[in-house]
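These notes concern the structure reproduced below.
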Amino acid sequence: MVHAQQRLSAAARSVAGQQVESLGGPTSPQRFLNDVRAATLVICSTWPATAEALTSTEHLDAVAAHAETLSRAPAERAGAQGDGWLARSVDHPPGDPLRAAALMALVVRILDAPGGQTVLARVLSRLPSSRAGYRRLKRLAPHCSSGMNTAIDESTHLRHGIVGPPALFPQPPSHQGLIDPKNIPQHLPDAWAWPLDELNGPATQLRRDAAIRLVQMTRGGSRAAAARYLGITLGALQSATVTIRAWQKMPGNADAYQDALQRIAEIAAATEAPSSTRRSAPDEMTVGPRPRRCGVRPHPVAEPGPGSTLGTPSAPSEE
């Protein structure tokens with residue numbers, strides 16, 4: 001994050017005739033800053049494609065939270081609870097400082113990397129040319145570096161050459177009424193999860209992802225909603241999504257995983273979860289004032305003071 005801030009500050013303080021590096025070649029500071037804007041647009045318009053390409057990047061959960069904000073309905077995005085006017089445009093940074101720092105660090109990492117051009121081309125190939133974000137990028141391209149324009153041109157060739165099914169298939173509510181979702185734990189018991197052991201895949205992420213999909217099979221809804229139901233954090237959801245996406249792209253893995261999920265669902269429907277794994281569904285819990293006991297005055301609740309660090313967690317990105 002510090003390096004990203006230094007790069008941006010140096011470009012902003014530049015003098016006439018000065019050049020900086022961007023995507024493997026020299027360019028003017030002005031074009032470098034437009035590269036920053038273009039890369040921001042590419043990342044946010046195609047998320048989580050960049051996370052799949054750069055899995056070792058820190059604070060991906062903060063970037064994912066910003067991308068989720070952008071995916072909301074325009075009226076909600078521009079409301080008082082949003083990040084302010086900066087959150088209304090896909091090529092602007094978020095108003096939240098941690099999210100902005102995480103996003104800019106990711107952008108500068110791509111622009112500084114020897115293979116940054118290739119990463120941008122592959123990610124951009126996932127953005128349909130009919131989308132408003134792509135049209136905005138094409139208008140910005142004449143003001144960007146030659147490296148950015150090369151990446152945009154290369155993405156067009158990749159877009160026409162990519163075929164095959166998506167890495168993440170939808171999970172329909174095929175087992176509603178057959179499995180009690182309250183009996184599905186975050187970490188599937190061995191008695192349920194043994195079909196995953198035959199896949200020779202990422203064991204931890206497969207178990208977490210299988211639990212999410214099992215909730216979808218019993219309740220419907222999105223992956224993010226299923227993760228919230230299980231109490232899985234945004235970071236854990238993002239990690240599982242990125243890892244499973246990459247693994248499923250290998251030939252045969254997606255079909256084998258789908259078969260394993262069906263067997264797990266059959267096992268879960270035929271048996272009860274161990275008592276230690278049963279849980280109360282978060283969306284079935286209610287919070288309200290405690291009833292007064294006769295003759296007992298309830299203790300007052302202290303309001304958070306000016307130094308309080310209480311905050312509101314970000315909601316996971318819908319997929």
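In the structure tokens, the first chain shown is A, the next is B, and so on; residue numbers restart at 1 for each chain, and ligands run from 1 in the order shown.
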
Nearby residues (only C-alpha atoms) at most 9 Å from Ala12 of chain A, same-chain spacing under 3 positions excluded, as a list of chain:residue names = A:Arg7, A:Leu8, A:Ser9, A:Val15, A:Pro29, A:Gln30, A:Leu33

key: Near-Leu196 of chain A list (8 Å; only C-alpha atoms; drop same-chain fewer than 5 positions) as a PyMOL selection string   = chain A and resi 201+203+206-207+257+260

Writing out the chosen residues with N, CA, C and O atoms as an mmCIF file, in the first residue's frame:
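Everything below was put into out.cif:
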```cif
data_model
loop_
_atom_site.group_PDB
_atom_site.id
_atom_site.type_symbol
_atom_site.label_atom_id
_atom_site.label_comp_id
_atom_site.auth_asym_id
_atom_site.auth_seq_id
_atom_site.Cartn_x
_atom_site.Cartn_y
_atom_site.Cartn_z
ATOM 1 N N GLY A 201 -8.417 -32.911 -4.652
ATOM 2 C CA GLY A 201 -8.442 -31.462 -4.804
ATOM 3 C C GLY A 201 -8.034 -30.763 -3.518
ATOM 4 O O GLY A 201 -7.562 -31.403 -2.578
ATOM 5 N N ALA A 203 -8.449 -29.831 -0.178
ATOM 6 C CA ALA A 203 -9.366 -30.444 0.787
ATOM 7 C C ALA A 203 -10.133 -29.418 1.622
ATOM 8 O O ALA A 203 -11.359 -29.487 1.744
ATOM 9 N N LEU A 206 -12.546 -27.348 -0.492
ATOM 10 C CA LEU A 206 -13.629 -28.179 -1.007
ATOM 11 C C LEU A 206 -14.688 -28.418 0.062
ATOM 12 O O LEU A 206 -15.890 -28.358 -0.217
ATOM 13 N N ARG A 207 -14.253 -28.677 1.288
ATOM 14 C CA ARG A 207 -15.230 -28.903 2.358
ATOM 15 C C ARG A 207 -16.039 -27.641 2.645
ATOM 16 O O ARG A 207 -17.242 -27.702 2.865
ATOM 17 N N TYR A 257 -16.820 -33.090 -9.239
ATOM 18 C CA TYR A 257 -17.256 -32.370 -8.034
ATOM 19 C C TYR A 257 -18.785 -32.368 -7.932
ATOM 20 O O TYR A 257 -19.352 -32.550 -6.850
ATOM 21 N N ALA A 260 -19.870 -35.665 -6.652
ATOM 22 C CA ALA A 260 -19.575 -35.784 -5.219
ATOM 23 C C ALA A 260 -20.594 -35.009 -4.392
ATOM 24 O O ALA A 260 -21.025 -35.476 -3.327
#
```

Residue neighbourhood Ile110 of chain A, 8 Å, only C-alpha atoms, exclusion window fewer than 5 positions, as an mmCIF file with all heavy atoms, in the first residue's frame:
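Below is the file around_19.cif, written as the result:
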```cif
data_model
loop_
_atom_site.group_PDB
_atom_site.id
_atom_site.type_symbol
_atom_site.label_atom_id
_atom_site.label_comp_id
_atom_site.auth_asym_id
_atom_site.auth_seq_id
_atom_site.Cartn_x
_atom_site.Cartn_y
_atom_site.Cartn_z
ATOM 1 N N LEU A 23 3.305 -0.926 -17.231
ATOM 2 C CA LEU A 23 3.125 -2.125 -18.058
ATOM 3 C C LEU A 23 4.336 -2.398 -18.943
ATOM 4 O O LEU A 23 4.221 -2.701 -20.133
ATOM 5 C CB LEU A 23 1.856 -1.995 -18.903
ATOM 6 C CG LEU A 23 0.547 -1.992 -18.099
ATOM 7 C CD1 LEU A 23 -0.646 -1.695 -19.000
ATOM 8 C CD2 LEU A 23 0.347 -3.330 -17.386
ATOM 9 N N GLY A 115 4.472 -9.303 -16.099
ATOM 10 C CA GLY A 115 3.379 -9.938 -16.825
ATOM 11 C C GLY A 115 2.054 -9.218 -16.657
ATOM 12 O O GLY A 115 0.990 -9.815 -16.905
ATOM 13 N N GLY A 116 2.100 -7.952 -16.247
ATOM 14 C CA GLY A 116 0.862 -7.211 -16.005
ATOM 15 C C GLY A 116 -0.020 -7.075 -17.230
ATOM 16 O O GLY A 116 -1.249 -7.114 -17.138
ATOM 17 N N GLN A 117 0.616 -6.924 -18.387
ATOM 18 C CA GLN A 117 -0.139 -6.795 -19.635
ATOM 19 C C GLN A 117 -0.957 -8.051 -19.909
ATOM 20 O O GLN A 117 -2.127 -7.989 -20.298
ATOM 21 C CB GLN A 117 0.847 -6.545 -20.773
ATOM 22 C CG GLN A 117 0.330 -5.668 -21.890
ATOM 23 C CD GLN A 117 1.445 -5.371 -22.882
ATOM 24 O OE1 GLN A 117 1.734 -6.178 -23.771
ATOM 25 N NE2 GLN A 117 2.068 -4.221 -22.733
ATOM 26 N N VAL A 119 -1.942 -10.296 -17.640
ATOM 27 C CA VAL A 119 -3.004 -10.403 -16.630
ATOM 28 C C VAL A 119 -4.201 -9.558 -17.024
ATOM 29 O O VAL A 119 -5.356 -10.020 -16.998
ATOM 30 C CB VAL A 119 -2.478 -9.977 -15.243
ATOM 31 C CG1 VAL A 119 -3.636 -9.861 -14.244
ATOM 32 C CG2 VAL A 119 -1.442 -10.962 -14.733
ATOM 33 N N LEU A 120 -3.961 -8.300 -17.410
ATOM 34 C CA LEU A 120 -5.056 -7.417 -17.800
ATOM 35 C C LEU A 120 -5.808 -7.951 -19.018
ATOM 36 O O LEU A 120 -7.039 -7.884 -19.081
ATOM 37 C CB LEU A 120 -4.523 -6.010 -18.090
ATOM 38 C CG LEU A 120 -4.189 -5.140 -16.877
ATOM 39 C CD1 LEU A 120 -3.527 -3.844 -17.325
ATOM 40 C CD2 LEU A 120 -5.444 -4.834 -16.075
#
```

Nearest to Thr69 of chain A, chosen from A:Cys44, A:Ala193, A:Val108, A:Ile212, with only C-alpha atoms counted in the distances = A:Cys44

task = Identify, on the basis of only C-alpha atoms, every residue whose closest approach to segment 231-246 of chain A does not exceed 6 Å; exclude the query and any residue fewer than 2 positions from it along the same chain; express the result as a list in words.
result = Glu52, Asp61, Ala167, Gln205, Ala227, Arg228, Tyr229, Gln248, Lys249 and Pro316 of chain A

ask   = Which one is closest to Met104 of chain A: A:Ala64, A:Leu140, A:Ala224, A:Ala39? Count only C-alpha atoms.
value =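 Under the stated criterion, the closest residue is A:Ala39.
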
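Interatomic distance, atom CA of Ser22 of chain A against atom CA of Asp35 of chain A: 7.7 Å.
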
ask   = Running DSSP on the backbone, which parts of segment 56-264 of chain A land in alpha helix (DSSP H), as a PyMOL selection string?
value = chain A and resi 60-70+74-77+97-112+116-124+132-140+146-161+190-197+203-219+223-230+234-248+253-264

Could you dump the residues just selected with C-alpha atoms as a tab-separated table (two decimals), in the first residue's frame?
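Listing of selection-v4.tsv after writing:
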```tsv
chain	number	residue	atom	x	y	z
A	60	LEU	CA	-8.59	-9.18	-1.46
A	61	ASP	CA	-11.56	-9.18	0.91
A	62	ALA	CA	-11.51	-5.35	0.96
A	63	VAL	CA	-11.48	-5.22	-2.84
A	64	ALA	CA	-14.30	-7.79	-2.95
A	65	ALA	CA	-16.37	-5.64	-0.58
A	66	HIS	CA	-15.96	-2.64	-2.91
A	67	ALA	CA	-16.90	-4.73	-5.95
A	68	GLU	CA	-20.03	-5.87	-4.10
A	69	THR	CA	-20.94	-2.23	-3.44
A	70	LEU	CA	-20.69	-1.48	-7.16
A	74	PRO	CA	-27.96	2.32	-8.63
A	75	ALA	CA	-30.49	3.79	-6.18
A	76	GLU	CA	-29.00	1.82	-3.30
A	77	ARG	CA	-25.42	2.53	-4.39
A	97	PRO	CA	-9.72	4.28	3.00
A	98	LEU	CA	-8.85	0.60	3.52
A	99	ARG	CA	-10.76	-0.47	0.42
A	100	ALA	CA	-9.18	2.33	-1.60
A	101	ALA	CA	-5.67	1.42	-0.40
A	102	ALA	CA	-6.22	-2.28	-1.14
A	103	LEU	CA	-7.58	-1.53	-4.62
A	104	MET	CA	-4.77	0.89	-5.50
A	105	ALA	CA	-2.14	-1.57	-4.23
A	106	LEU	CA	-3.62	-4.24	-6.51
A	107	VAL	CA	-3.72	-1.83	-9.48
A	108	VAL	CA	-0.10	-0.69	-9.05
A	109	ARG	CA	1.04	-4.29	-8.59
A	110	ILE	CA	-0.42	-5.14	-12.01
A	111	LEU	CA	1.03	-2.05	-13.71
A	112	ASP	CA	4.48	-2.77	-12.21
A	116	GLY	CA	0.86	-7.21	-16.01
A	117	GLN	CA	-0.14	-6.80	-19.63
A	118	THR	CA	-1.02	-10.48	-19.89
A	119	VAL	CA	-3.00	-10.40	-16.63
A	120	LEU	CA	-5.06	-7.42	-17.80
A	121	ALA	CA	-5.72	-9.00	-21.21
A	122	ARG	CA	-6.94	-12.25	-19.68
A	123	VAL	CA	-9.12	-10.51	-17.11
A	124	LEU	CA	-10.51	-8.05	-19.65
A	132	ALA	CA	-21.06	-0.12	-20.30
A	133	GLY	CA	-17.73	-0.67	-18.54
A	134	TYR	CA	-16.10	-1.88	-21.76
A	135	ARG	CA	-17.42	1.11	-23.71
A	136	ARG	CA	-16.08	3.44	-21.01
A	137	LEU	CA	-12.70	1.71	-21.24
A	138	LYS	CA	-12.56	2.19	-25.02
A	139	ARG	CA	-13.19	5.92	-24.55
A	140	LEU	CA	-10.38	6.05	-22.01
A	146	SER	CA	0.79	1.86	-25.28
A	147	GLY	CA	1.01	-1.10	-22.89
A	148	MET	CA	-2.60	-0.64	-21.78
A	149	ASN	CA	-3.77	-0.41	-25.39
A	150	THR	CA	-1.86	-3.58	-26.24
A	151	ALA	CA	-3.62	-5.36	-23.36
A	152	ILE	CA	-7.02	-4.13	-24.61
A	153	ASP	CA	-6.29	-5.33	-28.15
A	154	GLU	CA	-5.05	-8.70	-26.92
A	155	SER	CA	-8.20	-9.17	-24.81
A	156	THR	CA	-10.29	-8.99	-27.98
A	157	HIS	CA	-8.44	-11.97	-29.48
A	158	LEU	CA	-8.71	-13.92	-26.22
A	159	ARG	CA	-12.44	-13.18	-25.96
A	160	HIS	CA	-13.10	-14.82	-29.32
A	161	GLY	CA	-10.89	-17.79	-28.51
A	190	ASP	CA	-16.12	-36.95	7.83
A	191	ALA	CA	-19.20	-39.16	7.52
A	192	TRP	CA	-20.63	-36.70	4.98
A	193	ALA	CA	-17.52	-35.43	3.25
A	194	TRP	CA	-15.76	-38.66	2.27
A	195	PRO	CA	-16.80	-38.33	-1.44
A	196	LEU	CA	-14.58	-35.23	-1.59
A	197	ASP	CA	-11.54	-37.28	-0.63
A	203	ALA	CA	-9.37	-30.44	0.79
A	204	THR	CA	-10.07	-27.50	3.11
A	205	GLN	CA	-11.61	-25.28	0.43
A	206	LEU	CA	-13.63	-28.18	-1.01
A	207	ARG	CA	-15.23	-28.90	2.36
A	208	ARG	CA	-16.07	-25.24	2.92
A	209	ASP	CA	-17.41	-24.83	-0.61
A	210	ALA	CA	-19.42	-28.06	-0.37
A	211	ALA	CA	-21.10	-26.78	2.81
A	212	ILE	CA	-22.05	-23.57	0.99
A	213	ARG	CA	-23.43	-25.49	-1.98
A	214	LEU	CA	-25.34	-27.87	0.29
A	215	VAL	CA	-27.12	-24.88	1.86
A	216	GLN	CA	-27.96	-23.65	-1.65
A	217	MET	CA	-29.39	-27.08	-2.45
A	218	THR	CA	-31.66	-26.93	0.60
A	219	ARG	CA	-32.59	-23.22	0.69
A	223	ARG	CA	-23.37	-18.33	-2.61
A	224	ALA	CA	-22.97	-15.19	-0.51
A	225	ALA	CA	-26.36	-15.73	1.15
A	226	ALA	CA	-25.48	-19.36	1.88
A	227	ALA	CA	-22.13	-18.31	3.36
A	228	ARG	CA	-23.86	-15.76	5.59
A	229	TYR	CA	-26.29	-18.44	6.74
A	230	LEU	CA	-23.38	-20.65	7.79
A	234	LEU	CA	-16.16	-12.81	3.49
A	235	GLY	CA	-12.44	-13.62	3.43
A	236	ALA	CA	-13.08	-17.36	3.78
A	237	LEU	CA	-15.76	-17.23	1.08
A	238	GLN	CA	-13.43	-15.35	-1.28
A	239	SER	CA	-10.57	-17.80	-0.64
A	240	ALA	CA	-12.77	-20.81	-1.34
A	241	THR	CA	-14.25	-19.24	-4.47
A	242	VAL	CA	-10.88	-18.36	-6.01
A	243	THR	CA	-9.34	-21.77	-5.23
A	244	ILE	CA	-12.32	-23.81	-6.41
A	245	ARG	CA	-12.69	-21.79	-9.62
A	246	ALA	CA	-9.08	-22.51	-10.57
A	247	TRP	CA	-9.33	-26.21	-9.65
A	248	GLN	CA	-12.60	-26.74	-11.58
A	253	ASN	CA	-12.97	-31.73	-12.14
A	254	ALA	CA	-16.26	-29.82	-12.39
A	255	ASP	CA	-18.25	-32.93	-13.33
A	256	ALA	CA	-16.55	-35.04	-10.65
A	257	TYR	CA	-17.26	-32.37	-8.03
A	258	GLN	CA	-20.93	-32.19	-9.06
A	259	ASP	CA	-21.23	-35.97	-8.66
A	260	ALA	CA	-19.57	-35.78	-5.22
A	261	LEU	CA	-22.00	-33.05	-4.14
A	262	GLN	CA	-24.96	-35.21	-5.11
A	263	ARG	CA	-23.60	-38.10	-3.04
A	264	ILE	CA	-23.00	-35.78	-0.07
```

inquiry  = I need the residue nearest Trp47 of chain A from this list: A:Ala270, A:Gly221, A:Leu127, A:Glu198. Use only C-alpha atoms for the distance.
reply    =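 Of A:Ala270, A:Gly221, A:Leu127, A:Glu198, the one nearest Trp47 of chain A is A:Leu127, counting only C-alpha atoms.
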